[in-house]
$ cat data_23.txt   # compact mmCIF, C-alpha atoms and all ligand atoms
# COMPACT_ATOMS: atom_id res chain seq x y z
CA MET A 1 -31.60 -12.52 11.66
CA ILE A 2 -34.18 -15.19 10.86
CA PHE A 3 -35.73 -14.71 7.44
CA LYS A 4 -37.95 -17.31 5.76
CA GLN A 5 -39.55 -16.96 2.34
CA LEU A 6 -42.51 -19.33 2.13
CA PHE A 7 -44.43 -20.15 -1.05
CA ASP A 8 -48.11 -20.94 -1.61
CA GLN A 9 -48.44 -23.16 -4.68
CA LYS A 10 -52.09 -22.44 -5.40
CA SER A 11 -51.84 -18.64 -5.56
CA SER A 12 -48.06 -18.31 -6.16
CA THR A 13 -47.93 -16.08 -3.09
CA TYR A 14 -44.77 -15.42 -1.12
CA THR A 15 -45.17 -15.11 2.64
CA TYR A 16 -42.30 -13.82 4.77
CA LEU A 17 -41.42 -14.69 8.33
CA ILE A 18 -38.97 -12.37 10.08
CA ALA A 19 -37.35 -12.30 13.52
CA SER A 20 -34.05 -11.04 14.90
CA SER A 21 -33.07 -14.46 16.28
CA LYS A 22 -34.40 -17.64 17.91
CA GLY A 23 -36.53 -17.11 20.99
CA ARG A 24 -37.54 -13.59 19.90
CA GLU A 25 -40.60 -11.82 18.55
CA ALA A 26 -41.62 -12.63 14.98
CA LEU A 27 -43.55 -10.93 12.21
CA ILE A 28 -45.30 -12.49 9.21
CA ILE A 29 -46.01 -10.59 5.98
CA ASP A 30 -48.84 -11.71 3.66
CA PRO A 31 -49.90 -15.01 5.26
CA VAL A 32 -52.15 -17.41 3.30
CA LEU A 33 -55.07 -18.93 5.22
CA GLU A 34 -54.50 -22.52 4.08
CA ASN A 35 -50.88 -22.42 5.29
CA VAL A 36 -51.45 -21.12 8.82
CA SER A 37 -50.80 -24.51 10.45
CA ASN A 38 -47.42 -24.67 8.68
CA TYR A 39 -46.51 -21.21 10.00
CA ILE A 40 -47.41 -22.31 13.52
CA ILE A 41 -45.16 -25.38 13.22
CA LEU A 42 -42.31 -23.22 11.90
CA LEU A 43 -42.73 -20.67 14.69
CA LYS A 44 -42.53 -23.50 17.25
CA GLU A 45 -39.47 -25.03 15.59
CA LEU A 46 -37.69 -21.68 15.72
CA ASP A 47 -38.95 -20.88 19.20
CA LEU A 48 -40.50 -17.63 17.97
CA ARG A 49 -43.40 -15.64 19.36
CA LEU A 50 -45.57 -14.18 16.62
CA VAL A 51 -46.50 -10.64 17.65
CA LYS A 52 -47.41 -8.94 14.38
CA VAL A 53 -48.88 -9.87 11.03
CA ILE A 54 -48.95 -7.52 8.04
CA ASP A 55 -50.98 -7.65 4.85
CA THR A 56 -49.46 -5.43 2.18
CA HIS A 57 -52.93 -4.89 0.66
CA ILE A 58 -56.33 -6.55 0.28
CA HIS A 59 -55.41 -9.53 -1.87
CA ALA A 60 -57.65 -10.75 -4.68
CA ASP A 61 -56.15 -14.16 -5.29
CA HIS A 62 -56.05 -15.81 -1.86
CA VAL A 63 -57.58 -15.43 1.58
CA THR A 64 -55.28 -13.94 4.20
CA GLY A 65 -54.33 -15.95 7.26
CA ALA A 66 -54.14 -12.79 9.42
CA SER A 67 -57.33 -13.35 11.41
CA LYS A 68 -56.61 -17.03 12.04
CA LEU A 69 -53.06 -16.24 13.16
CA LYS A 70 -54.44 -13.62 15.51
CA ASP A 71 -56.90 -16.14 16.98
CA ILE A 72 -54.11 -18.65 17.61
CA THR A 73 -51.23 -16.41 18.71
CA LYS A 74 -52.93 -13.15 19.84
CA CYS A 75 -50.66 -11.26 17.43
CA SER A 76 -51.62 -7.76 16.23
CA THR A 77 -52.87 -7.23 12.69
CA ILE A 78 -51.33 -4.43 10.64
CA MET A 79 -52.12 -2.80 7.32
CA GLY A 80 -51.60 0.62 5.79
CA ASP A 81 -54.04 3.34 6.75
CA HIS A 82 -55.79 3.28 3.36
CA THR A 83 -57.10 -0.22 3.96
CA PRO A 84 -60.85 -0.76 3.70
CA ALA A 85 -60.51 -3.48 6.38
CA ASP A 86 -62.00 -2.04 9.57
CA ALA A 87 -60.92 -5.09 11.57
CA VAL A 88 -57.22 -4.15 11.25
CA GLU A 89 -55.88 -3.17 14.69
CA ILE A 90 -52.85 -1.10 13.70
CA LYS A 91 -53.11 1.10 10.61
CA VAL A 92 -49.69 2.45 9.72
CA LYS A 93 -49.04 5.66 7.82
CA ASP A 94 -46.52 6.38 5.11
CA ASP A 95 -43.01 6.50 6.63
CA GLU A 96 -44.17 5.13 9.96
CA TYR A 97 -42.14 2.30 11.55
CA VAL A 98 -43.36 -1.11 12.63
CA ASN A 99 -41.20 -2.19 15.54
CA LEU A 100 -40.24 -5.75 16.29
CA GLU A 101 -37.74 -6.83 18.95
CA ASN A 102 -34.39 -5.53 17.59
CA LEU A 103 -35.86 -4.79 14.13
CA LYS A 104 -37.53 -1.79 12.51
CA ILE A 105 -39.64 -1.92 9.37
CA ARG A 106 -40.60 1.21 7.48
CA ALA A 107 -44.07 1.43 5.93
CA MET A 108 -44.18 3.04 2.47
CA TYR A 109 -47.49 3.97 0.88
CA THR A 110 -47.27 2.70 -2.70
CA PRO A 111 -50.76 2.83 -4.24
CA GLY A 112 -51.52 1.85 -7.82
CA HIS A 113 -51.98 -1.92 -7.89
CA THR A 114 -54.74 -1.21 -5.37
CA SER A 115 -55.52 2.03 -3.57
CA ASP A 116 -54.48 0.47 -0.24
CA SER A 117 -51.12 -1.03 -1.31
CA TYR A 118 -48.21 -0.55 1.06
CA SER A 119 -44.61 -1.73 0.75
CA PHE A 120 -42.38 -2.43 3.75
CA LEU A 121 -38.66 -1.83 4.03
CA MET A 122 -36.49 -3.59 6.60
CA ASN A 123 -32.84 -2.51 6.28
CA ASN A 124 -32.14 -3.36 2.62
CA TYR A 125 -35.01 -5.84 2.25
CA LEU A 126 -38.00 -4.43 0.37
CA PHE A 127 -41.31 -6.26 0.65
CA SER A 128 -43.12 -4.72 -2.27
CA GLY A 129 -46.44 -6.56 -2.16
CA ASP A 130 -47.79 -6.49 -5.72
CA THR A 131 -46.55 -2.96 -6.44
CA LEU A 132 -43.25 -4.09 -7.94
CA LEU A 133 -42.76 -7.70 -9.04
CA ILE A 134 -39.70 -9.44 -10.47
CA ASN A 135 -39.77 -8.67 -14.21
CA GLY A 136 -43.24 -7.23 -13.81
CA THR A 137 -45.52 -4.89 -11.90
CA GLY A 138 -48.92 -5.38 -10.27
CA ARG A 139 -51.97 -5.04 -12.49
CA THR A 140 -54.06 -1.92 -11.91
CA ASP A 141 -57.46 -2.90 -13.29
CA PHE A 142 -59.43 -3.59 -10.10
CA GLN A 143 -59.74 -2.62 -6.39
CA ASN A 144 -59.35 1.09 -7.24
CA GLY A 145 -56.12 0.38 -9.06
CA ASP A 146 -54.61 3.30 -10.95
CA SER A 147 -51.68 3.03 -13.33
CA LYS A 148 -50.59 6.67 -12.84
CA ASP A 149 -50.42 6.10 -9.09
CA ALA A 150 -48.54 2.85 -9.74
CA TYR A 151 -46.01 4.69 -11.92
CA ASN A 152 -45.50 7.27 -9.19
CA SER A 153 -45.12 4.62 -6.46
CA ILE A 154 -42.66 2.61 -8.50
CA PHE A 155 -40.58 5.32 -10.17
CA ASN A 156 -40.67 8.03 -7.51
CA LYS A 157 -40.52 5.83 -4.44
CA LEU A 158 -39.35 2.24 -4.83
CA LEU A 159 -36.80 2.82 -7.61
CA LYS A 160 -35.28 5.66 -5.56
CA LEU A 161 -34.07 3.09 -3.04
CA PRO A 162 -30.42 2.03 -3.41
CA ASP A 163 -29.74 -0.33 -6.33
CA GLU A 164 -28.53 -3.05 -3.97
CA THR A 165 -31.87 -3.19 -2.10
CA PHE A 166 -33.25 -6.73 -2.23
CA LEU A 167 -36.70 -7.03 -3.78
CA TYR A 168 -39.06 -9.56 -2.21
CA PRO A 169 -42.48 -9.39 -3.89
CA ALA A 170 -45.77 -10.97 -2.79
CA HIS A 171 -45.94 -13.13 -5.90
CA ASP A 172 -43.92 -14.81 -8.55
CA TYR A 173 -45.29 -17.07 -11.24
CA LYS A 174 -42.00 -18.23 -12.73
CA GLY A 175 -40.07 -19.43 -9.70
CA GLU A 176 -38.00 -16.26 -9.21
CA LYS A 177 -37.34 -15.70 -5.52
CA VAL A 178 -35.48 -12.43 -5.18
CA SER A 179 -34.16 -9.57 -7.24
CA THR A 180 -32.67 -6.16 -6.55
CA ILE A 181 -33.81 -2.64 -7.35
CA GLY A 182 -30.78 -2.21 -9.64
CA LYS A 183 -31.55 -5.39 -11.57
CA GLU A 184 -35.21 -4.45 -12.02
CA LYS A 185 -34.30 -0.97 -13.27
CA LYS A 186 -32.20 -2.59 -16.00
CA GLN A 187 -34.21 -5.69 -16.88
CA ASN A 188 -37.86 -5.35 -15.88
CA PRO A 189 -39.68 -4.84 -19.23
CA ARG A 190 -42.44 -2.73 -17.60
CA LEU A 191 -39.88 -0.24 -16.34
CA GLN A 192 -38.31 0.51 -19.71
CA VAL A 193 -40.63 3.45 -20.35
CA SER A 194 -39.78 7.11 -20.81
CA SER A 195 -42.96 8.67 -19.41
CA VAL A 196 -45.96 8.09 -17.21
CA ASP A 197 -48.18 8.09 -20.32
CA GLU A 198 -46.18 5.26 -21.86
CA TYR A 199 -46.56 3.25 -18.66
CA VAL A 200 -50.31 3.90 -18.50
CA GLU A 201 -50.61 2.79 -22.13
CA ILE A 202 -48.91 -0.53 -21.34
CA MET A 203 -51.08 -1.12 -18.27
CA ASN A 204 -54.30 -0.25 -20.13
CA ASN A 205 -53.59 -2.87 -22.77
CA LEU A 206 -52.64 -5.91 -20.68
CA ASP A 207 -56.00 -7.60 -21.33
CA LEU A 208 -55.75 -9.90 -18.28
CA LYS A 209 -58.53 -12.18 -17.14
CA LYS A 210 -60.15 -11.55 -13.77
CA PRO A 211 -58.58 -13.68 -11.00
CA ASN A 212 -60.55 -16.75 -9.97
CA GLU A 213 -62.67 -16.18 -6.87
CA ILE A 214 -61.74 -12.48 -6.65
CA ASP A 215 -65.10 -11.45 -5.18
CA PHE A 216 -65.01 -14.19 -2.55
CA ASN A 217 -61.39 -13.47 -1.64
CA VAL A 218 -61.80 -9.69 -1.39
CA THR A 219 -64.93 -10.05 0.75
CA LYS A 220 -63.12 -12.45 3.07
CA ASN A 221 -60.00 -10.29 3.20
CA ILE A 222 -61.90 -7.17 4.20
CA ASN A 223 -62.56 -9.20 7.37
CA LEU A 224 -58.90 -10.31 7.44
CA GLY A 225 -59.92 -13.80 6.35
CA ALA A 226 -62.35 -14.41 9.21
FE FE B 301 -52.63 -8.09 -5.23
$ encode --input "data_23.txt" --output "C-alpha cells" --more "lines below"
Ligand SMILES: [Fe+2]
Amino acid sequence: MIFKQLFDQKSSTYTYLIASSKGREALIIDPVLENVSNYIILLKELDLRLVKVIDTHIHADHVTGASKLKDITKCSTIMGDHTPADAVEIKVKDDEYVNLENLKIRAMYTPGHTSDSYSFLMNNYLFSGDTLLINGTGRTDFQNGDSKDAYNSIFNKLLKLPDETFLYPAHDYKGEKVSTIGKEKKQNPRLQVSSVDEYVEIMNNLDLKKPNEIDFNVTKNINLGA
C-alpha cells in the first residue's frame, strides 16, 4: 500500500494520500489549497491517478484543495451526508464504504467538533479529522459543535475500535504524527473523564480564541475551496 502523511506548516494540517500500489487509483483526505501543486507532483512521481478526494468536515483553519484537485484531475469530491457543502458530489452515510481500487474505506459519522464531522477507517488506519486528536480532541465551540455529541462520537464509536488501530488526525500542533486508540485511551488527558457531564464541563471551559480567518475559510470551504 502507498500511504503518505503530508503536513501543512501554516495550519498544522495533516493531509493523507492513499493508494494500493503504484500505477493505481489514489485518494486524498483533507487537502490544503496552497499545497495542491505538491500533491500533483507526488501523484505523478508515484504514477497514481487521483479519483477521489475527501474532506472530513468543513474546516475553519485552512481552505480545502478539493475543488482545485477536481479541476485538475477530474476526481470526485466526497464528504459525509451532513455537510452543508452543496457542491460535494458524493455524500456518504454512516457505515457506507468509499471504494478505491483494491481498498475499502468505511465512513463513520462522528459529530461534535462540527455537526458534519466524519471519520474514515481503512483497515486499521483511522482518519479521525478533528474528532479525536493525539492527546486532545476537537473543540466544539463553533460550526454547530456540541460537546455531548463529541463525547458520544469519541467514547461510543472511535474508542470502541480495537486498541491497536492507528490514529491519524487532521491536525497536530506538537509534531506528533500517529498514535493508537489504546494509547489515547490511556494517555489523552481529555479522555480521562468518568461521565459525559465531566467531558462537557472540560469543553465548556477551554476558553480558546477564534481561529484566524475562520469566516473566510468556512465560506470558501462550503464551495469546496472554489
Ligand atoms: Fe476542524
$ residues_around --input "data_23.txt" --residues "segment 212-224 of chain A" --least-positions-apart "6" --cutoff "12 Å" --atoms "all atoms listed in the file" --output "count of residues only"
40
$ closest_residue --input "data_23.txt" --among "A:Ile181, A:Leu133, A:Ala226, A:Leu121" --to "ligand FE 301 (chain B)" --atoms "all atoms listed in the file"
A:Leu133
$ closest_residue --input "data_23.txt" --among "A:Asp8, A:Tyr168, A:Thr140, A:Glu184" --to "ligand FE 301 (chain B)" --atoms "all atoms listed in the file"
A:Thr140
$ residues_around --input "data_23.txt" --residues "Phe127 of chain A" --least-positions-apart "6" --cutoff "8 Å" --atoms "all atoms listed in the file" --output "ChimeraX atom specification"
/A:119-121,167-170
$ residues_around --input "data_23.txt" --residues "Leu158 of chain A" --least-positions-apart "5" --cutoff "9 Å" --atoms "all atoms listed in the file" --output "list in words"
Met108, Thr110, Ser119, Leu126, Ser128, Leu132, Ser153 and Ile181 of chain A
$ write_last_selection --input "data_23.txt" --atoms "C-alpha atoms" --output "mmCIF file, in the coordinates of the input"
data_model
loop_
_atom_site.group_PDB
_atom_site.id
_atom_site.type_symbol
_atom_site.label_atom_id
_atom_site.label_comp_id
_atom_site.auth_asym_id
_atom_site.auth_seq_id
_atom_site.Cartn_x
_atom_site.Cartn_y
_atom_site.Cartn_z
ATOM 1 C CA MET A 108 -44.180 3.040 2.470
ATOM 2 C CA THR A 110 -47.270 2.700 -2.700
ATOM 3 C CA SER A 119 -44.610 -1.730 0.750
ATOM 4 C CA LEU A 126 -38.000 -4.430 0.370
ATOM 5 C CA SER A 128 -43.120 -4.720 -2.270
ATOM 6 C CA LEU A 132 -43.250 -4.090 -7.940
ATOM 7 C CA SER A 153 -45.120 4.620 -6.460
ATOM 8 C CA ILE A 181 -33.810 -2.640 -7.350
#
$ residues_around --input "data_23.txt" --residues "Glu101 of chain A" --least-positions-apart "5" --cutoff "10 Å" --atoms "all atoms listed in the file" --output "list in words"
Ala19, Ser20, Ser21, Arg24, Glu25, Ala26, Leu27 and Val51 of chain A
